[in-house]
Amino acid sequence: MFLSDLVEETYMALVANKARSALTILGIVIGIASVIAMVAIGQGAKGNVEASVESIGSNLILIMPGAARGIGFQASAGRGSAQTLTQADADAIAAANVAKAVAPDLTRRYQVTAPGTNTNTSVIGTVSSYPEVRNVAIDQGSFITDQDVEGVNRVAVLGPTTRDDLFGTGADAIGQTIRINKVNFRVVGVTQSKGGSGFNNADDVIYIPISAAQRYLAGDAYVSTISIEAPSQAAMSDVQQQVTSLLLARHQISNPANADFSVLNQSDLVATASSVTNTFTVLLAAIAGISLLVGGIGIMNMMLTTVTERTREIGLRKAIGAQRQDITYQFLMEAVALTFSGGAFGILLGWLLSFVVTHFTSLPSAISLSSVLLAFGVSVAIGIAFGYYPALRASRLNPIDALRHE
Amino acid sequence: MIETKNITKTYENTGEKIPVLKGVSFHIEDGEFVAIMGPSGSGKSTLMHILGALDIPTTGQYLLDGKDVSHLDEQELAKVRRERIGYVFQSFNLLPRATVLRNVMLPMVYSGVENPEREERAVKALESAGLAKEYHTHYSNQLSGGQMQRVAIARALVNNPSLILADEPTGNLDTKTGEIVLATFQALNKAGHTIVLITHERDVALHAQRIIHIRDGEIVKEERT
């Protein structure tokens with residue numbers, strides 16, 4: 001039997017039962033489409049999370065107070081957390097000259113008011129190197145200067161969201177006065193948007209000199225984070241090690257397991273975020289996979305019906321000399337053709353679905369070539385897996401009985 | 001040349017052995033037209049299955065063109081059917097949604113004949129079976145019973161078999177159409193084809209040159225017409 005004959009037979013058989021073929025294909029279309037769409041959304045979310053982690057800086061090492069409890073974020077920036085890092089620690093790290101830049105900050109949430117409005121936002125007390133370390137760009141005015149930190153000036157740089165909240169969207173805030181925790185600050189700059197939304201909006205912040213935050217707001221000399229920029233990606237673990245031993249020595253701790261601070265580097269953050277979104281993607285794909293399985297069972301059901309209906313035809317084919325394998329291939333080919341076309345339509349529909357989801361929600365999506373190839377592979381595999389048993393049954397029919405079948 | 005030597009076939013049903021053929025021996029020369037006649041239950045269908053290489057005898061020998069085909073496995077039997085046997089069934093067994101030409105070409109799908117030879121041979125076979133050219137592109141379910149049976153005959157001819165085996169070929173046809181189909185067989189026989197016709201009707205059997213009567217699994221009589 002030539003391949004061209006096989007293809008022709010398959011085409012004729014599927015076209016003969018258009019409605020049934022179409023409905024069976026639909027099961028696979030839905031299965032493949034949901035897998036494609038779910039993976040695309042999962043991958044998009046992963047890309048989004050990774051991008052937002054990247055946006056906090058490059059070659060970044062974060063030192064936070066409190067003991068390390070494995071990889072991951074800790075609720076350490078809020079009130080009531082351990083206060084073990086001081087301005088002196090930050091100065092010592094800067095003096096050690098291992099990092100490209102060091103930027104301590106003291107971050108807490110305060111009620112902030114402007115004439116007629118008020119908001120509750122993060123107030124980051126920091127120094128002039130912060131924009132470099134944490135990828136903050138100035139839109140209008142200027143950032144906090146060394147003179148501001150030395151002079152304990154009550155100046156503030158607003159994030160674009162905070163500016164919009166306090167003064168109205170796009171308003172000119174430079175020179176205006178705001179009150180943070182009942183202390184007046186003069187607005188000297190507005191930063192560019194970093195994107196992001198929800199709880200961790202990097203645009204809903206106010207930057208003030210760290211000295212002012214310590215004196216007027218917190219009333220102590222502790223810092224909540226020390227951000228360090230390593231000179232290069234390769235130097236990160238080296239810098240991390242030196243900073244850790246420096247701080248251990250300063251805090252007079254001999255056993256690193258008892259450290260009263262934790263050191264995070266950015267690749268840890270990326271890895272953590274990626275593993276979370278990967279789990280999420282796998283979960284979504286698994287749920288979608290179940291519908292693919294149901295579609296496969298639909299294929300098997302249809303093929304079994306077809307074999308029963310065409311028992312006489314199978315008998316005839318055997319009587320005129322078809323071998324077992326000719327019959328097996330014929331029915332297997334039909335099943336694979338169903339799932340293959342289902343896969344093709346499914347990829348189109350999945351692409352459309354993820355496009356629609358991205359268009360109407362803020363969830364990004366990314367269709368990868370690998371997921372398309374995988375979907376094709378899976379749909380063909382389903383055709384073979386679920387078509388094999390019916391095809392085998394057809395090929396094992398006894399021609400004498402098959403010819404007598406009514 | 002076809003030769004059967006003491007063929008028996010026994011079926012086993014819940015431990016009980018039912019003999020269907022009890023030692024059948026006969027001889028059919030190349031170019032003969034032989035009818036095997038018997039009432040239902042005589043074992044003629046079982047005999048036809050063995051002659052058609054769809055089944056093998058329990059004991060005895062079946063020689064087709066001098067080759068013993070009584071102990072072949074499934075794969076080898078399929079090869080014999082493909083190369084040496086042409087079937088014509090009572091109920092035609094055409095593929096309904098395929099054209100006449102396609103139906104006739106079907107055996108060549110399995111015997112590996114390629115186009116354009118495939119189509120040439122199909123057209124020639126249809127000519128021998130006496131179906132007019134205008135019907136070649138018709139779908140087989142648009143034809144009359146007599147036309148369908150002639151398509152089936154063409155399909156049996158197309159691989160140029162040693163033996164054409166017709167199982168009650170007129171059973172689903174009216175007398176007049178049946179006559180036309182039987183005349184087609186006679187014409188094919190004149191052209192040199194060996195034909196074995198299985199029937200329970202004497203009128204049909206009389207179209208052959210020789211009649212082998214079978215009853216209760218045994219040959220009871222042979223007659224020349």
# chains A, B, ... in the order shown; residues from 1 in each chain; ligands from 1

$ closest_atom_pairs --of "chain A" --to "chain B" --cutoff "8 Å" --atoms "only C-alpha atoms" --output "JSON lines"
{"residue": "A:Met1", "atom": "CA", "partner": "B:Tyr110", "partner_atom": "CA", "distance": 5.2}
{"residue": "A:Phe2", "atom": "CA", "partner": "B:Gly112", "partner_atom": "CA", "distance": 7.3}
{"residue": "A:Asp5", "atom": "CA", "partner": "B:Val109", "partner_atom": "CA", "distance": 6.8}
{"residue": "A:Ala16", "atom": "CA", "partner": "B:Arg97", "partner_atom": "CA", "distance": 7.4}
{"residue": "A:Arg312", "atom": "CA", "partner": "B:Asn93", "partner_atom": "CA", "distance": 7.4}
{"residue": "A:Glu313", "atom": "CA", "partner": "B:Leu95", "partner_atom": "CA", "distance": 7.1}
{"residue": "A:Leu316", "atom": "CA", "partner": "B:Asn93", "partner_atom": "CA", "distance": 6.7}
{"residue": "A:Arg317", "atom": "CA", "partner": "B:Pro107", "partner_atom": "CA", "distance": 7.8}
{"residue": "A:Lys318", "atom": "CA", "partner": "B:Ala78", "partner_atom": "CA", "distance": 7.0}
{"residue": "A:Ala319", "atom": "CA", "partner": "B:Arg81", "partner_atom": "CA", "distance": 6.6}
{"residue": "A:Ile320", "atom": "CA", "partner": "B:Arg82", "partner_atom": "CA", "distance": 5.5}
{"residue": "A:Gly321", "atom": "CA", "partner": "B:Arg82", "partner_atom": "CA", "distance": 4.0}
{"residue": "A:Ala322", "atom": "CA", "partner": "B:Tyr110", "partner_atom": "CA", "distance": 5.7}
{"residue": "A:Gln323", "atom": "CA", "partner": "B:Ala78", "partner_atom": "CA", "distance": 6.0}
{"residue": "A:Arg324", "atom": "CA", "partner": "B:Gln75", "partner_atom": "CA", "distance": 7.7}
{"residue": "A:Asp326", "atom": "CA", "partner": "B:Tyr110", "partner_atom": "CA", "distance": 7.9}
{"residue": "A:Pro399", "atom": "CA", "partner": "B:Leu54", "partner_atom": "CA", "distance": 7.0}
{"residue": "A:Ile400", "atom": "CA", "partner": "B:Leu54", "partner_atom": "CA", "distance": 6.8}

$ closest_residue --among "A:Val39, A:Ala335, A:Leu246, A:Val157" --to "Leu369 in chain A" --atoms "only C-alpha atoms"
A:Val39

$ select_by_dssp --residues "range 2-77 of chain B" --states "helix (DSSP H, G or I)" --output "PyMOL selection string"
chain B and resi 44-51+74-77

$ write_last_selection --atoms "C-alpha atoms" --output "PDB file, in the first residue's frame"
ATOM      1  CA  LYS B  44     -20.484 -25.334   0.228  1.00  0.00           C
ATOM      2  CA  SER B  45     -19.759 -21.979   1.897  1.00  0.00           C
ATOM      3  CA  THR B  46     -17.006 -23.551   4.000  1.00  0.00           C
ATOM      4  CA  LEU B  47     -15.609 -25.161   0.857  1.00  0.00           C
ATOM      5  CA  MET B  48     -15.699 -21.795  -0.890  1.00  0.00           C
ATOM      6  CA  HIS B  49     -13.794 -20.149   1.998  1.00  0.00           C
ATOM      7  CA  ILE B  50     -11.093 -22.792   1.696  1.00  0.00           C
ATOM      8  CA  LEU B  51     -10.950 -22.477  -2.110  1.00  0.00           C
ATOM      9  CA  GLU B  74      -2.593 -15.406   7.671  1.00  0.00           C
ATOM     10  CA  GLN B  75       0.047 -13.297   5.955  1.00  0.00           C
ATOM     11  CA  GLU B  76       0.683 -15.879   3.212  1.00  0.00           C
ATOM     12  CA  LEU B  77      -3.044 -16.483   2.698  1.00  0.00           C
TER      13      LEU B  77
END

$ atom_distance --atom1 "CA of Asn118 in chain A" --atom2 "CA of Val223 in chain A"
25.7 Å

$ residues_around --residues "Ile180 in chain B" --least-positions-apart "6" --cutoff "10 Å" --atoms "only C-alpha atoms" --output "VMD selection string"
chain B and resid 130 146 to 147 150 170 186

$ write_last_selection --atoms "N, CA and C atoms" --output "short mmCIF file (atom, residue, chain, number, x, y, z; two decimals), in the first residue's frame"
data_model
loop_
_atom_site.label_atom_id
_atom_site.label_comp_id
_atom_site.auth_asym_id
_atom_site.auth_seq_id
_atom_site.Cartn_x
_atom_site.Cartn_y
_atom_site.Cartn_z
N GLY B 130 -18.17 -5.90 -19.15
CA GLY B 130 -19.29 -5.40 -19.93
C GLY B 130 -19.98 -4.19 -19.34
N GLY B 146 -27.47 -5.13 -11.34
CA GLY B 146 -26.70 -5.81 -12.39
C GLY B 146 -25.40 -5.09 -12.69
N GLN B 147 -25.49 -3.75 -12.72
CA GLN B 147 -24.27 -2.96 -12.97
C GLN B 147 -23.27 -3.13 -11.83
N ARG B 150 -21.43 -6.28 -12.10
CA ARG B 150 -20.42 -6.26 -13.15
C ARG B 150 -19.17 -5.48 -12.70
N THR B 170 -25.87 -14.28 -8.32
CA THR B 170 -27.16 -13.80 -8.81
C THR B 170 -28.20 -13.77 -7.70
N GLN B 186 -19.87 -16.51 -18.52
CA GLN B 186 -19.61 -17.43 -19.65
C GLN B 186 -18.65 -16.80 -20.65
#

$ residues_around --residues "Thr113 in chain A" --least-positions-apart "3" --cutoff "6 Å" --atoms "only C-alpha atoms" --output "JSON list (two decimals) with C-alpha atoms, in the first residue's frame"
[["chain", "number", "residue", "atom", "x", "y", "z"],
["A", 117, "THR", "CA", -5.88, 65.19, 49.20],
["A", 118, "ASN", "CA", -4.14, 62.46, 51.09],
["A", 178, "ILE", "CA", 3.47, 67.79, 50.93],
["A", 179, "ARG", "CA", 3.13, 66.64, 54.51]]

$ atom_distance --atom1 "CA of Asn189 in chain B" --atom2 "CA of Ile212 in chain B"
17.4 Å

$ residues_around --residues "Ser129 in chain A" --least-positions-apart "2" --cutoff "8 Å" --atoms "only C-alpha atoms" --output "PyMOL selection string"
chain A and resi 101-103+127+131-133

$ residues_around --residues "Ile382 in chain A" --least-positions-apart "6" --cutoff "9 Å" --atoms "only C-alpha atoms" --output "ChimeraX atom specification"
/A:292-293,295-296,299,335-336,339

$ residues_around --residues "Ala381 in chain A" --least-positions-apart "2" --cutoff "12 Å" --atoms "only C-alpha atoms" --output "PDB file with N, CA and C atoms, in the first residue's frame"
ATOM      1  N   ILE A  28     -10.500  17.618  20.296  1.00  0.00           N
ATOM      2  CA  ILE A  28      -9.048  17.820  20.289  1.00  0.00           C
ATOM      3  C   ILE A  28      -8.726  19.308  20.158  1.00  0.00           C
ATOM      4  N   LEU A 292      -7.757  17.533  26.934  1.00  0.00           N
ATOM      5  CA  LEU A 292      -7.125  16.859  25.790  1.00  0.00           C
ATOM      6  C   LEU A 292      -7.350  15.343  25.890  1.00  0.00           C
ATOM      7  N   LEU A 293      -7.240  14.845  27.095  1.00  0.00           N
ATOM      8  CA  LEU A 293      -7.471  13.417  27.332  1.00  0.00           C
ATOM      9  C   LEU A 293      -8.899  13.041  26.964  1.00  0.00           C
ATOM     10  N   GLY A 296      -9.220  12.815  23.367  1.00  0.00           N
ATOM     11  CA  GLY A 296      -8.638  11.565  22.890  1.00  0.00           C
ATOM     12  C   GLY A 296      -9.601  10.405  23.031  1.00  0.00           C
ATOM     13  N   LEU A 332      -5.384   3.684  11.796  1.00  0.00           N
ATOM     14  CA  LEU A 332      -4.502   4.524  12.600  1.00  0.00           C
ATOM     15  C   LEU A 332      -4.341   5.884  11.930  1.00  0.00           C
ATOM     16  N   MET A 333      -4.208   5.845  10.623  1.00  0.00           N
ATOM     17  CA  MET A 333      -4.045   7.081   9.847  1.00  0.00           C
ATOM     18  C   MET A 333      -5.277   7.964  10.002  1.00  0.00           C
ATOM     19  N   ALA A 335      -7.285   8.104  12.589  1.00  0.00           N
ATOM     20  CA  ALA A 335      -7.256   8.698  13.930  1.00  0.00           C
ATOM     21  C   ALA A 335      -6.222   9.820  14.001  1.00  0.00           C
ATOM     22  N   VAL A 336      -5.053   9.576  13.404  1.00  0.00           N
ATOM     23  CA  VAL A 336      -3.992  10.590  13.454  1.00  0.00           C
ATOM     24  C   VAL A 336      -4.402  11.823  12.640  1.00  0.00           C
ATOM     25  N   ALA A 337      -5.060  11.586  11.508  1.00  0.00           N
ATOM     26  CA  ALA A 337      -5.518  12.723  10.701  1.00  0.00           C
ATOM     27  C   ALA A 337      -6.505  13.581  11.489  1.00  0.00           C
ATOM     28  N   LEU A 338      -7.382  12.914  12.242  1.00  0.00           N
ATOM     29  CA  LEU A 338      -8.342  13.653  13.077  1.00  0.00           C
ATOM     30  C   LEU A 338      -7.611  14.494  14.117  1.00  0.00           C
ATOM     31  N   THR A 339      -6.691  13.871  14.847  1.00  0.00           N
ATOM     32  CA  THR A 339      -6.030  14.611  15.922  1.00  0.00           C
ATOM     33  C   THR A 339      -5.073  15.655  15.360  1.00  0.00           C
ATOM     34  N   PHE A 340      -4.466  15.343  14.219  1.00  0.00           N
ATOM     35  CA  PHE A 340      -3.523  16.297  13.633  1.00  0.00           C
ATOM     36  C   PHE A 340      -4.246  17.562  13.190  1.00  0.00           C
ATOM     37  N   GLY A 343      -5.237  19.373  16.150  1.00  0.00           N
ATOM     38  CA  GLY A 343      -4.093  20.101  16.699  1.00  0.00           C
ATOM     39  C   GLY A 343      -3.855  21.412  15.972  1.00  0.00           C
ATOM     40  N   LEU A 374       5.142  21.145  20.582  1.00  0.00           N
ATOM     41  CA  LEU A 374       4.713  20.170  21.571  1.00  0.00           C
ATOM     42  C   LEU A 374       3.244  19.802  21.343  1.00  0.00           C
ATOM     43  N   ALA A 375       2.415  20.814  21.077  1.00  0.00           N
ATOM     44  CA  ALA A 375       0.990  20.566  20.860  1.00  0.00           C
ATOM     45  C   ALA A 375       0.780  19.660  19.652  1.00  0.00           C
ATOM     46  N   PHE A 376       1.558  19.906  18.579  1.00  0.00           N
ATOM     47  CA  PHE A 376       1.463  19.048  17.397  1.00  0.00           C
ATOM     48  C   PHE A 376       1.867  17.618  17.752  1.00  0.00           C
ATOM     49  N   GLY A 377       2.993  17.521  18.443  1.00  0.00           N
ATOM     50  CA  GLY A 377       3.481  16.201  18.835  1.00  0.00           C
ATOM     51  C   GLY A 377       2.463  15.475  19.694  1.00  0.00           C
ATOM     52  N   VAL A 378       1.913  16.204  20.666  1.00  0.00           N
ATOM     53  CA  VAL A 378       0.958  15.587  21.578  1.00  0.00           C
ATOM     54  C   VAL A 378      -0.289  15.146  20.823  1.00  0.00           C
ATOM     55  N   SER A 379      -0.757  15.977  19.868  1.00  0.00           N
ATOM     56  CA  SER A 379      -1.987  15.593  19.180  1.00  0.00           C
ATOM     57  C   SER A 379      -1.771  14.368  18.296  1.00  0.00           C
ATOM     58  N   GLY A 383      -3.513  10.667  18.736  1.00  0.00           N
ATOM     59  CA  GLY A 383      -4.099   9.917  17.627  1.00  0.00           C
ATOM     60  C   GLY A 383      -3.601   8.484  17.617  1.00  0.00           C
ATOM     61  N   ILE A 384      -2.299   8.323  17.804  1.00  0.00           N
ATOM     62  CA  ILE A 384      -1.728   6.973  17.774  1.00  0.00           C
ATOM     63  C   ILE A 384      -2.192   6.181  18.999  1.00  0.00           C
ATOM     64  N   ALA A 385      -2.149   6.842  20.169  1.00  0.00           N
ATOM     65  CA  ALA A 385      -2.499   6.142  21.407  1.00  0.00           C
ATOM     66  C   ALA A 385      -3.957   5.700  21.409  1.00  0.00           C
ATOM     67  N   PHE A 386      -4.852   6.623  21.009  1.00  0.00           N
ATOM     68  CA  PHE A 386      -6.273   6.302  21.094  1.00  0.00           C
ATOM     69  C   PHE A 386      -6.796   5.649  19.822  1.00  0.00           C
ATOM     70  N   GLY A 387      -6.025   5.726  18.734  1.00  0.00           N
ATOM     71  CA  GLY A 387      -6.456   5.082  17.498  1.00  0.00           C
ATOM     72  C   GLY A 387      -5.934   3.660  17.389  1.00  0.00           C
ATOM     73  N   TYR A 388      -4.952   3.328  18.221  1.00  0.00           N
ATOM     74  CA  TYR A 388      -4.290   2.041  18.047  1.00  0.00           C
ATOM     75  C   TYR A 388      -5.213   0.875  18.361  1.00  0.00           C
TER      76      TYR A 388
END

$ closest_residue --among "A:Leu264, A:Leu363, A:Ala94, A:Leu349" --to "Thr225 in chain A" --atoms "only C-alpha atoms"
A:Leu264

$ closest_residue --among "B:Val69, B:Val104, B:Ala125, B:Leu21" --to "Ser140 in chain B" --atoms "only C-alpha atoms"
B:Val104

$ decode --residues "range 307-326 of chain A" --atoms "N, CA and C atoms" --output "mmCIF file, in the first residue's frame"
data_model
loop_
_atom_site.group_PDB
_atom_site.id
_atom_site.type_symbol
_atom_site.label_atom_id
_atom_site.label_comp_id
_atom_site.auth_asym_id
_atom_site.auth_seq_id
_atom_site.Cartn_x
_atom_site.Cartn_y
_atom_site.Cartn_z
ATOM 1 N N VAL A 307 -15.129 1.345 13.040
ATOM 2 C CA VAL A 307 -14.696 -0.023 12.750
ATOM 3 C C VAL A 307 -15.904 -0.957 12.702
ATOM 4 N N THR A 308 -16.823 -0.782 13.650
ATOM 5 C CA THR A 308 -18.019 -1.623 13.656
ATOM 6 C C THR A 308 -18.853 -1.386 12.393
ATOM 7 N N GLU A 309 -19.031 -0.111 12.058
ATOM 8 C CA GLU A 309 -19.834 0.226 10.879
ATOM 9 C C GLU A 309 -19.237 -0.329 9.600
ATOM 10 N N ARG A 310 -17.923 -0.350 9.554
ATOM 11 C CA ARG A 310 -17.263 -0.724 8.301
ATOM 12 C C ARG A 310 -16.706 -2.132 8.336
ATOM 13 N N THR A 311 -17.315 -2.979 9.196
ATOM 14 C CA THR A 311 -16.837 -4.355 9.315
ATOM 15 C C THR A 311 -16.839 -5.069 7.956
ATOM 16 N N ARG A 312 -17.918 -4.920 7.194
ATOM 17 C CA ARG A 312 -17.993 -5.594 5.884
ATOM 18 C C ARG A 312 -16.907 -5.083 4.951
ATOM 19 N N GLU A 313 -16.692 -3.767 5.010
ATOM 20 C CA GLU A 313 -15.646 -3.199 4.153
ATOM 21 C C GLU A 313 -14.284 -3.796 4.518
ATOM 22 N N ILE A 314 -14.058 -3.946 5.829
ATOM 23 C CA ILE A 314 -12.788 -4.533 6.271
ATOM 24 C C ILE A 314 -12.695 -5.974 5.776
ATOM 25 N N GLY A 315 -13.812 -6.706 5.868
ATOM 26 C CA GLY A 315 -13.854 -8.072 5.361
ATOM 27 C C GLY A 315 -13.508 -8.115 3.884
ATOM 28 N N LEU A 316 -14.120 -7.211 3.121
ATOM 29 C CA LEU A 316 -13.850 -7.161 1.685
ATOM 30 C C LEU A 316 -12.374 -6.890 1.413
ATOM 31 N N ARG A 317 -11.840 -5.890 2.108
ATOM 32 C CA ARG A 317 -10.430 -5.535 1.890
ATOM 33 C C ARG A 317 -9.519 -6.714 2.169
ATOM 34 N N LYS A 318 -9.854 -7.462 3.226
ATOM 35 C CA LYS A 318 -9.032 -8.632 3.530
ATOM 36 C C LYS A 318 -9.210 -9.700 2.455
ATOM 37 N N ALA A 319 -10.453 -9.856 1.972
ATOM 38 C CA ALA A 319 -10.715 -10.886 0.960
ATOM 39 C C ALA A 319 -9.956 -10.595 -0.327
ATOM 40 N N ILE A 320 -9.788 -9.312 -0.659
ATOM 41 C CA ILE A 320 -9.063 -9.014 -1.891
ATOM 42 C C ILE A 320 -7.569 -8.842 -1.633
ATOM 43 N N GLY A 321 -7.138 -9.191 -0.443
ATOM 44 C CA GLY A 321 -5.698 -9.338 -0.250
ATOM 45 C C GLY A 321 -5.019 -8.352 0.678
ATOM 46 N N ALA A 322 -5.791 -7.533 1.436
ATOM 47 C CA ALA A 322 -5.149 -6.611 2.372
ATOM 48 C C ALA A 322 -4.529 -7.392 3.521
ATOM 49 N N GLN A 323 -3.334 -6.985 3.891
ATOM 50 C CA GLN A 323 -2.684 -7.601 5.052
ATOM 51 C C GLN A 323 -3.211 -6.928 6.311
ATOM 52 N N ARG A 324 -2.959 -7.585 7.439
ATOM 53 C CA ARG A 324 -3.320 -6.986 8.729
ATOM 54 C C ARG A 324 -2.804 -5.558 8.864
ATOM 55 N N GLN A 325 -1.508 -5.393 8.493
ATOM 56 C CA GLN A 325 -0.909 -4.077 8.733
ATOM 57 C C GLN A 325 -1.524 -3.004 7.834
ATOM 58 N N ASP A 326 -2.005 -3.416 6.636
ATOM 59 C CA ASP A 326 -2.678 -2.446 5.766
ATOM 60 C C ASP A 326 -3.903 -1.875 6.473
#
